[in-house]
$ cat structure.cif   # mmCIF, C-alpha atoms
data_run
#
loop_
_atom_site.label_atom_id
_atom_site.label_comp_id
_atom_site.auth_asym_id
_atom_site.auth_seq_id
_atom_site.Cartn_x
_atom_site.Cartn_y
_atom_site.Cartn_z
CA MET A 286 32.70 -11.74 14.44
CA GLY A 287 33.98 -15.07 13.18
CA ASN A 288 31.72 -17.09 15.49
CA GLN A 289 28.70 -15.03 14.49
CA GLN A 290 29.48 -15.55 10.81
CA ASP A 291 29.87 -19.29 11.37
CA ASP A 292 26.52 -19.37 13.18
CA MET A 293 24.81 -17.58 10.29
CA GLN A 294 26.36 -19.98 7.80
CA GLY A 295 25.16 -22.91 9.87
CA ILE A 296 21.63 -21.51 10.09
CA ALA A 297 21.62 -20.85 6.34
CA ALA A 298 22.69 -24.44 5.65
CA ILE A 299 19.85 -25.86 7.79
CA VAL A 300 17.32 -23.48 6.20
CA LEU A 301 18.42 -24.69 2.77
CA ALA A 302 18.14 -28.34 3.85
CA SER A 303 14.62 -27.73 5.18
CA VAL A 304 13.51 -26.06 1.96
CA LEU A 305 14.95 -28.90 -0.13
CA TRP A 306 13.20 -31.52 2.00
CA GLY A 307 9.94 -29.59 1.67
CA THR A 308 10.00 -29.95 -2.13
CA THR A 309 9.91 -33.76 -2.22
CA GLY A 310 6.13 -34.18 -2.30
CA THR A 311 5.60 -31.56 -4.98
CA ALA A 312 8.43 -33.01 -7.07
CA ALA A 313 6.90 -36.50 -6.82
CA SER A 314 3.54 -35.13 -8.00
CA PHE A 315 5.08 -34.43 -11.43
CA ALA A 316 5.43 -38.19 -11.97
CA PRO A 317 1.93 -39.51 -11.14
CA ALA A 318 2.40 -42.58 -13.35
CA VAL A 319 5.32 -43.73 -11.19
CA SER A 320 4.50 -45.90 -8.19
CA PRO A 321 5.12 -44.11 -4.88
CA LEU A 322 7.00 -47.25 -3.84
CA ALA A 323 9.39 -46.75 -6.76
CA THR A 324 9.75 -43.04 -6.02
CA GLY A 325 10.62 -43.69 -2.40
CA ALA A 326 12.93 -46.61 -3.19
CA PHE A 327 14.94 -44.67 -5.75
CA ALA A 328 15.10 -41.46 -3.71
CA MET A 329 16.22 -43.09 -0.46
CA GLY A 330 18.21 -45.88 -2.10
CA GLY A 331 20.03 -43.58 -4.52
CA GLY A 332 20.65 -41.03 -1.80
CA GLY A 333 21.96 -43.84 0.41
CA VAL A 334 24.53 -44.88 -2.18
CA LEU A 335 25.76 -41.29 -2.49
CA LEU A 336 25.96 -40.93 1.29
CA VAL A 337 27.99 -44.15 1.55
CA LEU A 338 30.45 -42.96 -1.09
CA HIS A 339 30.77 -39.58 0.60
CA ALA A 340 31.35 -41.12 4.07
CA LEU A 341 33.48 -44.07 2.97
CA ARG A 342 36.54 -43.17 5.02
CA PHE A 343 34.44 -42.75 8.17
CA LEU A 344 32.74 -46.09 7.52
CA LEU A 345 36.09 -47.83 7.20
CA LYS A 346 37.40 -46.16 10.33
CA ASP A 347 34.33 -47.12 12.43
CA ARG A 348 33.64 -50.52 10.90
CA ALA A 349 34.53 -52.40 14.11
CA ARG A 350 32.18 -50.27 16.22
CA LEU A 351 29.41 -50.61 13.63
CA LYS A 352 29.81 -54.39 13.68
CA ALA A 353 29.58 -54.39 17.47
CA CYS A 354 26.30 -52.44 17.25
CA TYR A 355 24.80 -54.64 14.52
CA ALA A 356 21.37 -54.95 16.21
CA VAL A 357 20.85 -51.19 16.37
CA LEU A 358 22.29 -50.79 12.87
CA LEU A 359 19.92 -53.38 11.39
CA THR A 360 16.96 -51.81 13.19
CA GLY A 361 17.85 -48.38 11.80
CA GLY A 362 18.45 -49.76 8.31
CA ALA A 363 15.05 -51.49 8.30
CA ALA A 364 13.36 -48.27 9.43
CA VAL A 365 15.12 -46.26 6.70
CA ALA A 366 13.92 -48.80 4.12
CA LEU A 367 10.30 -48.64 5.30
CA TYR A 368 10.16 -44.85 5.76
CA PRO A 369 10.09 -43.74 2.09
CA LEU A 370 7.61 -46.44 1.12
CA ALA A 371 5.17 -45.23 3.79
CA PHE A 372 5.94 -41.52 3.28
CA TYR A 373 5.45 -41.35 -0.49
CA SER A 374 2.43 -43.66 -0.38
CA ALA A 375 0.88 -41.36 2.24
CA MET A 376 1.38 -38.35 -0.02
CA ARG A 377 -0.09 -40.19 -3.01
CA LEU A 378 -3.23 -41.24 -1.14
CA SER A 379 -3.89 -38.26 1.12
CA GLY A 380 -2.13 -35.45 -0.75
CA VAL A 381 1.25 -33.77 -0.52
CA ALA A 382 0.37 -31.40 2.30
CA MET A 383 -1.43 -33.86 4.55
CA GLY A 384 1.02 -36.71 4.00
CA THR A 385 4.03 -34.51 4.72
CA VAL A 386 2.60 -32.73 7.75
CA ILE A 387 1.32 -35.90 9.45
CA SER A 388 4.61 -37.73 8.86
CA ILE A 389 6.70 -34.87 10.24
CA ALA A 390 4.39 -34.00 13.14
CA SER A 391 4.03 -37.56 14.42
CA ALA A 392 7.76 -38.40 14.38
CA PRO A 393 8.74 -36.43 17.52
CA LEU A 394 5.75 -37.90 19.35
CA PHE A 395 6.84 -41.44 18.51
CA ALA A 396 10.42 -40.52 19.45
CA VAL A 397 9.32 -39.64 22.97
CA VAL A 398 7.37 -42.91 23.23
CA LEU A 399 10.50 -44.84 22.22
CA GLU A 400 12.60 -42.96 24.76
CA ARG A 401 10.02 -43.75 27.42
CA LEU A 402 9.73 -47.47 26.56
CA ILE A 403 13.44 -48.15 25.93
CA GLY A 404 15.29 -45.44 27.83
CA LYS A 405 12.76 -45.25 30.69
CA LYS A 406 12.76 -41.46 30.41
CA PRO A 407 9.79 -39.69 32.05
CA VAL A 408 7.10 -38.11 29.90
CA SER A 409 6.77 -34.38 30.48
CA SER A 410 3.57 -32.37 30.68
CA ARG A 411 4.84 -30.44 27.63
CA TRP A 412 4.88 -33.69 25.63
CA ILE A 413 1.36 -34.63 26.75
CA LEU A 414 0.06 -31.20 25.71
CA GLY A 415 1.90 -31.49 22.39
CA PHE A 416 0.47 -34.97 21.83
CA ILE A 417 -3.10 -33.81 22.43
CA THR A 418 -2.63 -30.72 20.26
CA GLY A 419 -0.99 -32.68 17.45
CA GLY A 420 -3.56 -35.47 17.53
CA LEU A 421 -6.42 -32.98 17.30
CA GLY A 422 -4.62 -31.17 14.49
CA ILE A 423 -4.22 -34.40 12.51
CA LEU A 424 -7.93 -35.15 12.87
CA LEU A 425 -8.93 -31.66 11.72
CA LEU A 426 -6.46 -31.78 8.84
CA THR A 427 -7.92 -35.11 7.67
CA TRP A 428 -11.48 -33.84 7.87
CA GLY A 429 -10.61 -30.50 6.27
CA LYS A 430 -8.98 -31.79 3.08
CA GLU A 431 -11.14 -31.35 -0.02
CA PRO A 432 -11.58 -34.91 -1.39
CA GLN A 433 -11.54 -33.94 -5.05
CA SER A 434 -7.85 -33.06 -4.80
CA VAL A 435 -6.91 -36.51 -3.50
CA GLU A 436 -6.21 -39.54 -5.66
CA GLY A 437 -8.92 -42.16 -5.16
CA GLY A 438 -11.36 -39.95 -3.29
CA ASN A 439 -12.08 -39.13 0.32
CA GLU A 440 -12.04 -42.74 1.56
CA TRP A 441 -8.30 -43.01 0.77
CA GLN A 442 -7.38 -40.06 2.94
CA TYR A 443 -7.67 -42.13 6.10
CA ILE A 444 -5.40 -44.84 4.70
CA GLY A 445 -2.96 -42.11 3.66
CA ALA A 446 -3.10 -40.59 7.14
CA ALA A 447 -2.35 -44.01 8.68
CA LEU A 448 0.63 -44.44 6.35
CA GLY A 449 1.79 -40.97 7.39
CA LEU A 450 1.77 -42.15 11.00
CA LEU A 451 3.78 -45.22 9.96
CA ALA A 452 6.26 -42.91 8.25
CA GLY A 453 6.53 -40.87 11.44
CA LEU A 454 7.15 -44.03 13.47
CA THR A 455 9.89 -45.32 11.15
CA TYR A 456 11.48 -41.85 11.07
CA ALA A 457 11.57 -41.85 14.87
CA VAL A 458 13.07 -45.35 14.92
CA TYR A 459 15.94 -44.56 12.58
CA SER A 460 16.59 -41.25 14.33
CA TRP A 461 16.76 -43.12 17.63
CA SER A 462 19.06 -45.71 16.04
CA ALA A 463 21.38 -43.00 14.72
CA ARG A 464 21.50 -41.43 18.17
CA ARG A 465 22.42 -44.75 19.78
CA LEU A 466 25.18 -45.39 17.23
CA ILE A 467 26.68 -41.94 17.74
CA GLU A 468 26.55 -42.40 21.52
CA GLN A 469 28.78 -45.45 20.99
CA GLY A 470 31.48 -43.24 19.48
CA ILE A 471 30.60 -43.79 15.82
CA HIS A 472 30.99 -40.74 13.58
CA ALA A 473 27.67 -39.17 12.60
CA ARG A 474 28.41 -39.54 8.88
CA ALA A 475 29.29 -43.20 9.33
CA ALA A 476 26.15 -43.89 11.36
CA MET A 477 23.80 -42.33 8.81
CA ALA A 478 25.64 -43.73 5.79
CA ALA A 479 25.64 -47.23 7.24
CA MET A 480 21.88 -47.23 7.85
CA PHE A 481 21.08 -45.66 4.49
CA GLY A 482 23.48 -48.04 2.75
CA LEU A 483 21.76 -51.07 4.28
CA ALA A 484 18.39 -49.68 3.23
CA ALA A 485 19.69 -49.17 -0.33
CA LEU A 486 20.50 -52.90 -0.50
CA VAL A 487 16.77 -53.55 -0.09
CA LEU A 488 15.25 -50.52 -1.82
CA LEU A 489 17.18 -50.48 -5.09
CA PRO A 490 16.54 -54.17 -5.98
CA SER A 491 12.82 -53.60 -5.28
CA LEU A 492 12.76 -51.33 -8.34
CA ALA A 493 12.79 -54.47 -10.48
CA ILE A 494 9.18 -54.94 -9.34
CA THR A 495 7.92 -51.38 -8.73
CA GLY A 496 9.99 -49.25 -11.11
CA ASP A 497 8.28 -49.88 -14.47
CA ASN A 498 7.71 -46.21 -15.32
CA LEU A 499 10.50 -44.69 -13.26
CA LEU A 500 12.80 -43.76 -16.16
CA THR A 501 10.48 -44.08 -19.15
CA THR A 502 10.15 -40.34 -19.83
CA PRO A 503 12.49 -37.38 -19.34
CA ILE A 504 10.16 -35.94 -16.69
CA HIS A 505 10.05 -39.19 -14.73
CA ALA A 506 13.83 -39.58 -14.90
CA SER A 507 14.37 -35.95 -13.89
CA VAL A 508 12.08 -36.34 -10.86
CA ALA A 509 13.82 -39.56 -9.81
CA PHE A 510 17.34 -38.15 -9.97
CA TYR A 511 16.26 -34.84 -8.42
CA MET A 512 14.81 -36.69 -5.42
CA ALA A 513 17.93 -38.79 -4.87
CA VAL A 514 20.53 -36.08 -5.43
CA VAL A 515 18.95 -32.84 -4.18
CA PRO A 516 16.68 -33.47 -1.15
CA MET A 517 18.30 -36.72 -0.05
CA PHE A 518 22.02 -36.24 -0.68
CA ILE A 519 22.53 -32.46 -0.79
CA GLY A 520 19.88 -31.90 1.88
CA TYR A 521 21.63 -34.22 4.31
CA LEU A 522 25.01 -32.67 3.57
CA CYS A 523 23.61 -29.20 4.30
CA PHE A 524 22.02 -30.39 7.52
CA SER A 525 25.25 -32.03 8.68
CA ARG A 526 27.17 -28.88 7.78
CA GLY A 527 24.76 -26.76 9.78
CA LEU A 528 24.98 -28.92 12.90
CA ARG A 529 28.67 -28.08 13.18
CA GLN A 530 27.77 -24.49 14.13
CA VAL A 531 24.16 -24.68 15.36
CA GLU A 532 22.87 -26.44 18.46
CA ALA A 533 20.58 -29.39 17.76
CA SER A 534 17.69 -27.69 19.60
CA THR A 535 17.98 -24.66 17.32
CA ALA A 536 18.32 -26.86 14.24
CA THR A 537 15.11 -28.67 15.18
CA LEU A 538 13.22 -25.39 15.28
CA ILE A 539 14.61 -24.30 11.92
CA THR A 540 13.51 -27.54 10.26
CA LEU A 541 9.90 -26.62 11.06
CA LEU A 542 10.22 -24.80 7.74
CA GLU A 543 9.91 -28.15 5.96
CA PRO A 544 6.15 -28.71 6.51
CA VAL A 545 5.49 -25.03 5.84
CA VAL A 546 7.28 -25.27 2.49
CA ALA A 547 5.50 -28.54 1.70
CA VAL A 548 2.05 -27.12 2.38
CA MET A 549 2.68 -23.89 0.46
CA LEU A 550 4.01 -25.73 -2.60
CA ALA A 551 1.11 -28.20 -2.46
CA VAL A 552 -1.41 -25.35 -2.50
CA LEU A 553 0.36 -23.06 -5.00
CA ILE A 554 1.73 -25.64 -7.46
CA VAL A 555 -0.11 -28.93 -7.01
CA GLY A 556 -3.47 -27.20 -6.50
CA GLU A 557 -4.50 -28.89 -3.26
CA ARG A 558 -7.23 -27.19 -1.27
CA PHE A 559 -8.26 -27.16 2.37
CA MET A 560 -11.43 -26.08 4.11
CA PRO A 561 -11.00 -23.70 7.09
CA VAL A 562 -11.07 -26.62 9.53
CA GLY A 563 -8.13 -28.13 7.65
CA TRP A 564 -6.06 -24.95 8.00
CA LEU A 565 -6.91 -24.94 11.72
CA GLY A 566 -5.52 -28.47 11.84
CA VAL A 567 -2.29 -27.30 10.16
CA MET A 568 -1.90 -24.55 12.77
CA LEU A 569 -2.48 -26.98 15.64
CA ILE A 570 0.11 -29.38 14.23
CA MET A 571 2.66 -26.59 13.91
CA LEU A 572 1.86 -25.58 17.51
CA SER A 573 2.43 -29.20 18.54
CA LEU A 574 5.83 -29.19 16.85
CA LEU A 575 6.76 -25.95 18.61
CA LEU A 576 5.72 -27.38 21.97
CA GLN A 577 7.97 -30.38 21.35
CA THR A 578 11.02 -28.36 20.38
CA VAL A 579 11.09 -24.99 22.17
CA LYS A 580 13.43 -24.83 25.17
CA ARG A 581 14.73 -28.35 24.73
CA ARG A 582 18.15 -29.04 26.11
CA PRO A 583 20.83 -28.96 23.44
CA GLY A 584 22.62 -32.11 22.43
CA GLY A 585 19.77 -34.12 20.85
CA ILE A 586 20.23 -35.55 17.39
CA LYS A 587 17.71 -35.04 14.66
CA SER A 588 18.24 -36.82 11.38
CA ARG A 589 16.15 -37.17 8.22
#

$ encode --input "structure.cif" --output "structure tokens"
Amino acid sequence: MGNQQDDMQGIAAIVLASVLWGTTGTAASFAPAVSPLATGAFAMGGGGVLLVLHALRFLLKDRARLKACYAVLLTGGAAVALYPLAFYSAMRLSGVAMGTVISIASAPLFAVVLERLIGKKPVSSRWILGFITGGLGILLLTWGKEPQSVEGGNEWQYIGAALGLLAGLTYAVYSWSARRLIEQGIHARAAMAAMFGLAALVLLPSLAITGDNLLTTPIHASVAFYMAVVPMFIGYLCFSRGLRQVEASTATLITLLEPVVAVMLAVLIVGERFMPVGWLGVMLIMLSLLLQTVKRRPGGIKSR
């Protein structure tokens, strides 16, 4: 009974994390006068500071191992710094739903490419099928978005889609970096906090250039602090809590809720609209994600 209860608590924690992550795009849409660069820098940078403070004792304990893995740590930190800039810019240019779905769907595909190039792991037929399905879904999603609901018009959707792919690539890179650090015996909290802390050293000072309107109104300030505290900090704590009871393969499936939440909120609250071909693209992307996650061997590490 106890194990079953622990499993349910772990699943609930990951569900909550996925829902919180799925709100980021909609939350950012309430501050349209704020640069997406500032939104991403404050959210990831502020969340990074909180993660460092929360994991301080683990960082101190593993500082020698972190120093020995400085190349991987710097790579992961750079990827964490670039990710929010690409992610929030993608949502601003192509819309909350499209930017979120493309970023999330492309990350596992890039992760496999990295494993193939660096780890020399073979590419499975399941991955190839998922790649084809996901690529077609991204094309249909881009074509199926109604241009009047996108800032700057239809021509910006393609730039937004490209930035979404960049976000997926940087997400895959820092996930790979976290995996490598943990494989070297570094505590998971220390690995993530170290990368996010390094990124914060770059992101927070950049607000001097990009953050003109970030805190000028109560709504802007509320959005900024919500993004840093709730999806970034609390979301990561929930996800870490859940991984103590739930296998990583199961956790990966549960986090498929994130793009679903993002799309639903974008349609119901932000007012974004898709043509039928766009919804077909969403379904193909979700199918691609399922193909990449179902029946995977446990033990992988997925981080946000």

$ residues_around --input "structure.cif" --residues "A:Leu576" --least-positions-apart "6" --cutoff "10 Å" --atoms "only C-alpha atoms" --output "mmCIF file with C-alpha atoms, in the coordinates of the input"
data_model
loop_
_atom_site.group_PDB
_atom_site.id
_atom_site.type_symbol
_atom_site.label_atom_id
_atom_site.label_comp_id
_atom_site.auth_asym_id
_atom_site.auth_seq_id
_atom_site.Cartn_x
_atom_site.Cartn_y
_atom_site.Cartn_z
ATOM 1 C CA ARG A 411 4.840 -30.440 27.630
ATOM 2 C CA TRP A 412 4.880 -33.690 25.630
ATOM 3 C CA ILE A 413 1.360 -34.630 26.750
ATOM 4 C CA LEU A 414 0.060 -31.200 25.710
ATOM 5 C CA GLY A 415 1.900 -31.490 22.390
ATOM 6 C CA PHE A 416 0.470 -34.970 21.830
ATOM 7 C CA THR A 418 -2.630 -30.720 20.260
ATOM 8 C CA GLY A 419 -0.990 -32.680 17.450
ATOM 9 C CA ILE A 570 0.110 -29.380 14.230
#

$ closest_residue --input "structure.cif" --among "A:Ser303, A:Pro317, A:Ala363, A:Asp292" --to "A:Leu488" --atoms "all atoms listed in the file"
A:Ala363

$ atom_distance --input "structure.cif" --atom1 "atom CA of A:Arg526" --atom2 "atom CA of A:Leu483"
23.1 Å

$ atom_distance --input "structure.cif" --atom1 "atom CA of A:Ala326" --atom2 "atom CA of A:Val365"
10.1 Å

$ resolve_selection --input "structure.cif" --expression "the PyMOL selection byres ((chain A and resi 314) around 9)" --output "list in words"
Thr309, Gly310, Thr311, Ala312, Ala313, Phe315, Ala316, Pro317, Met376, Arg377, Val381 and Val555 of chain A

$ resolve_selection --input "structure.cif" --expression "the PyMOL selection byres ((chain A and resi 384) around 7)" --output "number ranges by chain"
A: 372, 375-376, 379-383, 385-388, 445-446, 449

$ closest_residue --input "structure.cif" --among "A:Leu565, A:Ile403, A:Ala349, A:Leu492" --to "A:Leu421" --atoms "all atoms listed in the file"
A:Leu565

$ closest_residue --input "structure.cif" --among "A:Leu351, A:Leu426, A:Ala390, A:Cys523" --to "A:Met560" --atoms "all atoms listed in the file"
A:Leu426

$ decode --input "structure.cif" --residues "stretch 488-578 of chain A" --atoms "C-alpha atoms" --output "PDB file, in the first residue's frame"
ATOM      1  CA  LEU A 488      20.683  36.235 -18.234  1.00  0.00           C
ATOM      2  CA  LEU A 489      20.076  38.547 -15.289  1.00  0.00           C
ATOM      3  CA  PRO A 490      22.662  41.207 -16.335  1.00  0.00           C
ATOM      4  CA  SER A 491      21.126  41.192 -19.842  1.00  0.00           C
ATOM      5  CA  LEU A 492      17.989  42.716 -18.308  1.00  0.00           C
ATOM      6  CA  ALA A 493      19.856  46.027 -18.178  1.00  0.00           C
ATOM      7  CA  ILE A 494      19.423  46.105 -21.965  1.00  0.00           C
ATOM      8  CA  THR A 495      16.175  44.178 -22.570  1.00  0.00           C
ATOM      9  CA  GLY A 496      14.176  44.707 -19.371  1.00  0.00           C
ATOM     10  CA  ASP A 497      12.824  48.253 -19.847  1.00  0.00           C
ATOM     11  CA  ASN A 498       9.165  47.358 -19.275  1.00  0.00           C
ATOM     12  CA  LEU A 499       9.643  44.255 -17.157  1.00  0.00           C
ATOM     13  CA  LEU A 500       8.550  45.751 -13.821  1.00  0.00           C
ATOM     14  CA  THR A 501       6.860  48.977 -14.917  1.00  0.00           C
ATOM     15  CA  THR A 502       3.287  47.849 -14.171  1.00  0.00           C
ATOM     16  CA  PRO A 503       1.773  45.491 -11.590  1.00  0.00           C
ATOM     17  CA  ILE A 504       0.745  43.084 -14.358  1.00  0.00           C
ATOM     18  CA  HIS A 505       4.228  42.991 -15.858  1.00  0.00           C
ATOM     19  CA  ALA A 506       5.825  42.459 -12.457  1.00  0.00           C
ATOM     20  CA  SER A 507       3.311  39.749 -11.559  1.00  0.00           C
ATOM     21  CA  VAL A 508       3.991  37.887 -14.813  1.00  0.00           C
ATOM     22  CA  ALA A 509       7.765  38.127 -14.300  1.00  0.00           C
ATOM     23  CA  PHE A 510       7.737  36.794 -10.747  1.00  0.00           C
ATOM     24  CA  TYR A 511       5.129  34.148 -11.583  1.00  0.00           C
ATOM     25  CA  MET A 512       7.346  32.803 -14.381  1.00  0.00           C
ATOM     26  CA  ALA A 513      10.455  32.637 -12.192  1.00  0.00           C
ATOM     27  CA  VAL A 514       8.837  31.231  -9.055  1.00  0.00           C
ATOM     28  CA  VAL A 515       6.000  28.988 -10.248  1.00  0.00           C
ATOM     29  CA  PRO A 516       6.891  27.225 -13.539  1.00  0.00           C
ATOM     30  CA  MET A 517      10.666  27.468 -13.161  1.00  0.00           C
ATOM     31  CA  PHE A 518      11.328  26.932  -9.451  1.00  0.00           C
ATOM     32  CA  ILE A 519       8.244  25.114  -8.145  1.00  0.00           C
ATOM     33  CA  GLY A 520       7.847  23.173 -11.400  1.00  0.00           C
ATOM     34  CA  TYR A 521      11.380  21.817 -11.188  1.00  0.00           C
ATOM     35  CA  LEU A 522      10.966  20.939  -7.513  1.00  0.00           C
ATOM     36  CA  CYS A 523       7.796  18.991  -8.308  1.00  0.00           C
ATOM     37  CA  PHE A 524       9.479  17.176 -11.170  1.00  0.00           C
ATOM     38  CA  SER A 525      12.470  16.236  -9.009  1.00  0.00           C
ATOM     39  CA  ARG A 526      10.114  15.067  -6.272  1.00  0.00           C
ATOM     40  CA  GLY A 527       8.217  12.906  -8.727  1.00  0.00           C
ATOM     41  CA  LEU A 528      11.335  11.235 -10.124  1.00  0.00           C
ATOM     42  CA  ARG A 529      12.033   9.759  -6.695  1.00  0.00           C
ATOM     43  CA  GLN A 530       9.010   7.448  -7.087  1.00  0.00           C
ATOM     44  CA  VAL A 531       8.374   7.308 -10.846  1.00  0.00           C
ATOM     45  CA  GLU A 532      10.607   5.808 -13.513  1.00  0.00           C
ATOM     46  CA  ALA A 533      12.041   8.323 -15.975  1.00  0.00           C
ATOM     47  CA  SER A 534      10.278   6.612 -18.901  1.00  0.00           C
ATOM     48  CA  THR A 535       6.919   7.040 -17.162  1.00  0.00           C
ATOM     49  CA  ALA A 536       7.738  10.623 -16.211  1.00  0.00           C
ATOM     50  CA  THR A 537       8.507  11.421 -19.848  1.00  0.00           C
ATOM     51  CA  LEU A 538       5.080  10.204 -20.897  1.00  0.00           C
ATOM     52  CA  ILE A 539       3.349  12.227 -18.190  1.00  0.00           C
ATOM     53  CA  THR A 540       5.094  15.429 -19.275  1.00  0.00           C
ATOM     54  CA  LEU A 541       3.336  15.126 -22.649  1.00  0.00           C
ATOM     55  CA  LEU A 542       0.623  17.003 -20.768  1.00  0.00           C
ATOM     56  CA  GLU A 543       2.689  20.183 -21.123  1.00  0.00           C
ATOM     57  CA  PRO A 544       2.050  20.842 -24.853  1.00  0.00           C
ATOM     58  CA  VAL A 545      -1.585  19.805 -24.418  1.00  0.00           C
ATOM     59  CA  VAL A 546      -2.027  22.357 -21.637  1.00  0.00           C
ATOM     60  CA  ALA A 547      -0.167  24.996 -23.659  1.00  0.00           C
ATOM     61  CA  VAL A 548      -2.346  24.522 -26.739  1.00  0.00           C
ATOM     62  CA  MET A 549      -5.604  24.470 -24.783  1.00  0.00           C
ATOM     63  CA  LEU A 550      -4.741  27.644 -22.866  1.00  0.00           C
ATOM     64  CA  ALA A 551      -3.605  29.356 -26.070  1.00  0.00           C
ATOM     65  CA  VAL A 552      -6.945  28.606 -27.730  1.00  0.00           C
ATOM     66  CA  LEU A 553      -9.232  29.237 -24.733  1.00  0.00           C
ATOM     67  CA  ILE A 554      -7.488  32.251 -23.148  1.00  0.00           C
ATOM     68  CA  VAL A 555      -5.163  33.853 -25.682  1.00  0.00           C
ATOM     69  CA  GLY A 556      -7.626  33.360 -28.551  1.00  0.00           C
ATOM     70  CA  GLU A 557      -5.307  31.636 -31.017  1.00  0.00           C
ATOM     71  CA  ARG A 558      -6.956  29.762 -33.854  1.00  0.00           C
ATOM     72  CA  PHE A 559      -5.952  26.885 -36.101  1.00  0.00           C
ATOM     73  CA  MET A 560      -7.329  25.610 -39.375  1.00  0.00           C
ATOM     74  CA  PRO A 561      -8.070  21.854 -39.549  1.00  0.00           C
ATOM     75  CA  VAL A 562      -4.661  21.188 -41.122  1.00  0.00           C
ATOM     76  CA  GLY A 563      -3.060  22.834 -38.092  1.00  0.00           C
ATOM     77  CA  TRP A 564      -4.904  20.549 -35.671  1.00  0.00           C
ATOM     78  CA  LEU A 565      -3.787  17.577 -37.788  1.00  0.00           C
ATOM     79  CA  GLY A 566      -0.238  18.846 -37.319  1.00  0.00           C
ATOM     80  CA  VAL A 567      -0.740  18.980 -33.529  1.00  0.00           C
ATOM     81  CA  MET A 568      -1.946  15.368 -33.534  1.00  0.00           C
ATOM     82  CA  LEU A 569       1.021  14.214 -35.618  1.00  0.00           C
ATOM     83  CA  ILE A 570       3.447  15.972 -33.269  1.00  0.00           C
ATOM     84  CA  MET A 571       1.840  14.330 -30.245  1.00  0.00           C
ATOM     85  CA  LEU A 572       2.084  10.975 -32.056  1.00  0.00           C
ATOM     86  CA  SER A 573       5.762  11.690 -32.687  1.00  0.00           C
ATOM     87  CA  LEU A 574       6.309  12.358 -28.986  1.00  0.00           C
ATOM     88  CA  LEU A 575       4.553   9.107 -28.087  1.00  0.00           C
ATOM     89  CA  LEU A 576       6.692   7.169 -30.555  1.00  0.00           C
ATOM     90  CA  GLN A 577       9.805   8.607 -28.929  1.00  0.00           C
ATOM     91  CA  THR A 578       8.784   7.780 -25.377  1.00  0.00           C
TER      92      THR A 578
END
